[in-house]
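S.K.: Data file final.txt (compact mmCIF, C-alpha atoms) is appended below.
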# COMPACT_ATOMS: atom_id res chain seq x y z
CA MET A 68 -56.33 -25.42 51.27
CA ALA A 69 -54.68 -26.19 47.94
CA ARG A 70 -55.16 -29.68 46.51
CA PRO A 71 -51.99 -31.71 46.04
CA LYS A 72 -50.79 -32.09 42.46
CA THR A 73 -51.81 -35.39 40.91
CA PHE A 74 -49.36 -35.30 38.01
CA ASP A 75 -45.66 -35.77 37.47
CA ARG A 76 -44.08 -32.39 36.72
CA SER A 77 -41.35 -33.90 34.56
CA ASP A 78 -43.89 -35.84 32.51
CA VAL A 79 -46.14 -32.85 31.82
CA LEU A 80 -43.10 -30.70 31.05
CA THR A 81 -41.98 -33.23 28.45
CA ARG A 82 -45.47 -33.16 26.92
CA ALA A 83 -45.37 -29.36 26.79
CA MET A 84 -41.96 -29.50 25.13
CA GLU A 85 -43.45 -31.79 22.47
CA VAL A 86 -46.23 -29.29 21.73
CA PHE A 87 -43.80 -26.36 21.45
CA TRP A 88 -41.56 -28.50 19.28
CA ASP A 89 -44.43 -29.37 16.93
CA LYS A 90 -46.17 -26.00 16.76
CA GLY A 91 -43.65 -23.41 17.89
CA PHE A 92 -44.11 -20.91 20.69
CA GLU A 93 -46.32 -18.41 18.87
CA GLN A 94 -48.71 -21.00 17.42
CA THR A 95 -49.15 -22.97 20.63
CA SER A 96 -52.26 -22.03 22.58
CA ILE A 97 -52.93 -22.58 26.25
CA GLU A 98 -55.69 -24.96 25.15
CA ASP A 99 -53.13 -26.99 23.12
CA LEU A 100 -50.95 -27.20 26.21
CA VAL A 101 -53.61 -28.23 28.75
CA ARG A 102 -55.06 -30.80 26.36
CA THR A 103 -51.69 -32.41 25.65
CA MET A 104 -50.31 -32.08 29.15
CA GLY A 105 -53.48 -33.56 30.64
CA ILE A 106 -53.76 -30.90 33.33
CA SER A 107 -56.14 -28.07 33.98
CA ARG A 108 -55.50 -24.47 33.01
CA ALA A 109 -55.29 -23.61 36.72
CA SER A 110 -52.68 -26.31 37.30
CA LEU A 111 -50.64 -25.04 34.36
CA TYR A 112 -50.58 -21.50 35.75
CA ASP A 113 -50.10 -22.69 39.35
CA THR A 114 -47.18 -24.95 38.41
CA PHE A 115 -45.42 -23.00 35.66
CA GLY A 116 -46.69 -19.44 36.02
CA SER A 117 -47.29 -18.59 32.35
CA LYS A 118 -46.97 -19.88 28.81
CA ASP A 119 -43.67 -18.03 28.52
CA ALA A 120 -42.28 -19.55 31.71
CA LEU A 121 -43.42 -22.99 30.55
CA MET A 122 -41.64 -22.53 27.22
CA PHE A 123 -38.45 -21.41 28.96
CA GLU A 124 -38.55 -24.45 31.21
CA ALA A 125 -39.32 -26.74 28.24
CA MET A 126 -36.33 -25.32 26.35
CA ASP A 127 -34.14 -25.77 29.41
CA CYS A 128 -35.31 -29.39 29.59
CA TYR A 129 -34.47 -29.92 25.91
CA VAL A 130 -31.06 -28.27 26.28
CA ALA A 131 -30.26 -30.45 29.29
CA ARG A 132 -31.06 -33.55 27.23
CA MET A 133 -28.99 -32.32 24.31
CA LYS A 134 -26.05 -31.48 26.55
CA GLN A 135 -26.11 -35.00 27.89
CA GLN A 136 -26.32 -36.62 24.46
CA PHE A 137 -24.52 -34.23 22.15
CA LEU A 138 -21.87 -32.60 24.29
CA ASP A 139 -20.84 -35.93 25.81
CA THR A 140 -20.02 -37.07 22.27
CA LEU A 141 -18.12 -33.86 21.52
CA ARG A 142 -16.04 -34.19 24.67
CA GLN A 143 -15.07 -37.83 24.22
CA PRO A 144 -11.43 -38.74 23.65
CA GLY A 145 -10.18 -39.69 20.23
CA PRO A 146 -9.20 -38.00 17.01
CA ALA A 147 -10.96 -34.64 16.66
CA ARG A 148 -12.14 -35.29 13.10
CA THR A 149 -13.61 -38.66 14.11
CA VAL A 150 -15.44 -37.13 17.06
CA ILE A 151 -16.84 -34.27 14.94
CA GLU A 152 -17.95 -36.72 12.25
CA GLN A 153 -19.66 -38.87 14.89
CA VAL A 154 -21.58 -35.83 16.19
CA PHE A 155 -22.93 -35.14 12.71
CA LEU A 156 -23.73 -38.79 11.97
CA ASP A 157 -25.48 -39.20 15.33
CA PHE A 158 -27.50 -36.09 14.52
CA ILE A 159 -28.56 -37.58 11.18
CA GLU A 160 -29.36 -40.94 12.75
CA SER A 161 -31.54 -39.39 15.44
CA GLY A 162 -33.57 -37.68 12.72
CA ILE A 163 -33.87 -40.83 10.62
CA THR A 164 -34.69 -43.36 13.31
CA GLY A 165 -36.03 -41.06 15.98
CA ASP A 166 -37.24 -37.52 15.83
CA SER A 167 -37.46 -35.91 12.39
CA ARG A 168 -38.64 -32.57 13.79
CA GLY A 169 -35.13 -31.19 13.91
CA CYS A 170 -33.61 -29.21 16.73
CA LEU A 171 -36.02 -27.45 19.09
CA VAL A 172 -33.46 -24.70 19.63
CA ALA A 173 -33.10 -24.02 15.88
CA LYS A 174 -36.85 -24.13 15.38
CA SER A 175 -37.38 -21.74 18.28
CA ALA A 176 -34.89 -19.31 16.78
CA LEU A 177 -36.65 -19.44 13.42
CA MET A 178 -40.18 -19.27 14.77
CA THR A 179 -39.77 -16.48 17.30
CA GLY A 180 -37.70 -14.38 14.90
CA ARG A 181 -36.15 -12.31 17.69
CA THR A 182 -39.54 -11.29 19.05
CA ASN A 183 -39.04 -13.09 22.35
CA ARG A 184 -35.78 -12.02 23.94
CA GLU A 185 -35.71 -14.73 26.62
CA ILE A 186 -36.14 -17.49 24.06
CA MET A 187 -33.41 -15.96 21.90
CA ASP A 188 -31.14 -15.69 24.94
CA ARG A 189 -31.57 -19.42 25.52
CA VAL A 190 -30.97 -20.15 21.83
CA CYS A 191 -27.79 -18.06 21.84
CA ALA A 192 -26.55 -19.60 25.09
CA PHE A 193 -27.00 -23.13 23.74
CA MET A 194 -25.37 -22.31 20.42
CA SER A 195 -22.45 -20.70 22.26
CA LEU A 196 -22.04 -23.83 24.33
CA VAL A 197 -21.95 -25.99 21.19
CA GLU A 198 -19.57 -23.53 19.51
CA ASP A 199 -17.22 -23.60 22.51
CA SER A 200 -17.21 -27.40 22.47
CA PHE A 201 -16.44 -27.51 18.74
CA HIS A 202 -13.74 -24.85 19.28
CA GLU A 203 -12.03 -26.92 22.00
CA LEU A 204 -12.14 -29.99 19.78
CA VAL A 205 -10.78 -28.24 16.67
CA ALA A 206 -8.04 -26.52 18.68
CA ARG A 207 -7.09 -29.87 20.23
CA GLY A 208 -6.89 -31.44 16.77
CA GLN A 209 -4.74 -28.59 15.50
CA ARG A 210 -2.37 -28.80 18.49
CA SER A 211 -1.95 -32.55 18.02
CA GLY A 212 -1.26 -32.10 14.30
CA GLU A 213 -4.27 -34.18 13.32
CA LEU A 214 -5.99 -31.15 11.77
CA PRO A 215 -4.23 -28.50 9.68
CA SER A 216 -3.27 -25.50 11.79
CA GLY A 217 -4.03 -22.94 9.08
CA GLY A 218 -7.65 -22.22 10.00
CA ASP A 219 -8.93 -20.18 12.90
CA PRO A 220 -10.44 -22.76 15.29
CA ARG A 221 -13.13 -20.32 16.45
CA ALA A 222 -14.23 -19.60 12.87
CA ILE A 223 -14.25 -23.32 12.08
CA ALA A 224 -16.35 -23.96 15.21
CA ARG A 225 -18.84 -21.32 14.11
CA PHE A 226 -19.03 -22.91 10.67
CA LEU A 227 -19.68 -26.33 12.25
CA VAL A 228 -22.49 -24.94 14.42
CA ASN A 229 -24.04 -23.32 11.36
CA ALA A 230 -23.70 -26.55 9.37
CA LEU A 231 -25.29 -28.58 12.17
CA GLN A 232 -28.25 -26.20 12.39
CA GLY A 233 -28.60 -26.22 8.60
CA LEU A 234 -28.58 -30.00 8.68
CA SER A 235 -31.37 -29.87 11.23
CA ILE A 236 -33.52 -27.75 8.94
CA THR A 237 -32.71 -29.89 5.89
CA GLY A 238 -33.63 -32.98 7.91
CA CYS A 239 -36.98 -31.44 8.80
CA ALA A 240 -37.69 -31.25 5.08
CA ARG A 241 -37.41 -35.05 5.11
CA ALA A 242 -34.24 -35.13 3.05
CA GLN A 243 -32.96 -38.57 2.17
CA PRO A 244 -30.21 -39.99 4.43
CA ASP A 245 -27.75 -39.99 1.51
CA THR A 246 -28.40 -36.28 0.97
CA LEU A 247 -27.67 -35.56 4.61
CA ARG A 248 -24.51 -37.68 4.54
CA ASP A 249 -23.33 -35.73 1.46
CA VAL A 250 -23.78 -32.50 3.43
CA VAL A 251 -21.73 -33.97 6.29
CA ALA A 252 -18.94 -35.09 3.92
CA ILE A 253 -18.61 -31.61 2.43
CA THR A 254 -18.80 -30.03 5.90
CA LEU A 255 -15.99 -32.24 7.16
CA SER A 256 -13.84 -31.33 4.16
CA VAL A 257 -13.37 -27.92 5.82
CA LEU A 258 -11.32 -29.67 8.49
CA GLY A 259 -8.72 -30.67 5.91
Let me see the file written as structure tokens.

M.R.:
Amino acid sequence: MARPKTFDRSDVLTRAMEVFWDKGFEQTSIEDLVRTMGISRASLYDTFGSKDALMFEAMDCYVARMKQQFLDTLRQPGPARTVIEQVFLDFIESGITGDSRGCLVAKSALMTGRTNREIMDRVCAFMSLVEDSFHELVARGQRSGELPSGGDPRAIARFLVNALQGLSITGCARAQPDTLRDVVAITLSVLG
């Protein structure tokens, strides 16, 4: 008869996410995971199946958190430019006062380098979600006349996603807050 689990799945998943975030998928060993998660190797495999499955679930956990935090901001009412600026400033603030490791999704894309298709599928899905949200916001601003209508809202959304991911990487290099704010100011100038 199997012993009942004596750990909180959500808690150990968060710990695994932290390890992947710090070390990346390729550099994280099973030993790193069991030590940080505080569970046995058998419990890891019994609960999550494999290191790959654990990483996928950890990324899904991260994306769910980011959707809540980031996409809620993007979908709030108000002038499009103000909302977009707030997204970028919140992103900077979270790196300054909170987590300076950058975006787990961006880091996963860089570290796996297209070698793990399922991780890249998750990266692409999240970036598409962010792009679609920026697109809706830019299009709304153009329709209302707040933003100039000359630019393609999809292309602008793609630029904003790219800028946000670049900001994440720059933030990981421990750039000064003023440097990051300069990047945001130039990024926003694209909106007109």

S.K.: In Å to one decimal, how far is CA of Met178 in chain A from CA of Leu100 in chain A?

M.R.: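 These atoms are spaced 17.6 Å apart.
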
S.K.: Would you work out the distance separating CA of Ile236 in chain A from CA of Gly169 in chain A, expressed in Å to one decimal?

M.R.: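 So the two atoms, CA of Ile236 in chain A and CA of Gly169 in chain A, lie 6.3 Å apart.
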
S.K.: Identify the residues within 10 Å of coordinate (-34.9, -29.8, 23.5) (same frame as the file), considering only C-alpha atoms, and give the answer as a list in words.

M.R.: Thr81, Met84, Glu85, Phe87, Trp88, Ala125, Met126, Asp127, Cys128, Tyr129, Val130, Ala131, Arg132, Met133, Lys134, Gly169, Cys170, Leu171, Val172, Ala173 and Ser175 of chain A

S.K.: Which is closer to Gly217 in chain A than all the others in A:Val250, A:Val257, A:Ile186, A:Leu234, using all atoms listed in the file?

M.R.: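 Counting all atoms listed in the file, the residue closest to Gly217 in chain A is A:Val257.
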
S.K.: Env of Ile223 in chain A: 10 Å cut, atoms = all atoms listed in the file, seq-sep filter 4 positions within chain, self excluded. Answer as a list in words.

M.R.: Glu198, Phe201, His202, Val205, Ala206, Gly218, Asp219, Leu227, Val228, Asn229, Val257 and Leu258 of chain A

S.K.: Report the distance between CA of Ala230 in chain A and CA of Val251 in chain A in Å, rounded to one decimal place.

M.R.: 8.3 Å

S.K.: Go through A:Thr95, A:Ser161, A:Thr103, A:Thr73 and flag the residue nearest Cys239 in chain A, using only C-alpha atoms for the distances.

M.R.: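 Among the listed residues, the smallest separation from Cys239 in chain A belongs to A:Ser161.
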
S.K.: Which one is closest to Phe155 in chain A: A:Leu111, A:Val190, A:Leu231, A:Ala240? Count only C-alpha atoms.

M.R.: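 Selected residue with least distance to Phe155 in chain A: A:Leu231.
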
S.K.: Given the point (-22.1, -35.3, 20.0) in the file's coordinates, find the residues that have an atom at most 9 Å from it, counting only C-alpha atoms, and give them as a ChimeraX atom specification.

M.R.: /A:133-143,150-158

S.K.: Kindly compute an axis-aligned box around the listed atoms of range 135-154 of chain A, allowing 4 Å on each side, and express its centre and edge lengths in Å to one decimal as AutoDock Vina command-line options.

M.R.:
--center_x -17.8 --center_y -36.1 --center_z 20.1 --size_x 25.1 --size_y 15.1 --size_z 23.6

S.K.: Given only C-alpha atoms as the basis, pick out the residue of A:Ile159, A:Pro220, A:Ser211, A:Lys90 nearest to Gly233 in chain A.

M.R.: A:Ile159

S.K.: Taking into account only C-alpha atoms, which residue in the set A:Phe193, A:Gly208, A:Tyr112, A:Lys174 is nearest to Thr237 in chain A?

M.R.: A:Lys174

S.K.: Calculated over all atoms listed in the file, which of the candidates A:Pro146, A:Ser216, A:Glu160, A:Ala120 has the smallest distance to Asp245 in chain A?

M.R.: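 So, comparing all the options, the nearest one is A:Glu160.
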
S.K.: For Thr114 in chain A, please output as a list in words all residues within 12 Å (counting all atoms listed in the file; exclusion window: fewer than 3 positions along the same chain).

M.R.: Pro71, Lys72, Thr73, Phe74, Asp75, Arg76, Ser77, Val79, Leu80, Ile106, Ser107, Arg108, Ala109, Ser110, Leu111, Ser117, Lys118, Ala120, Leu121 and Glu124 of chain A
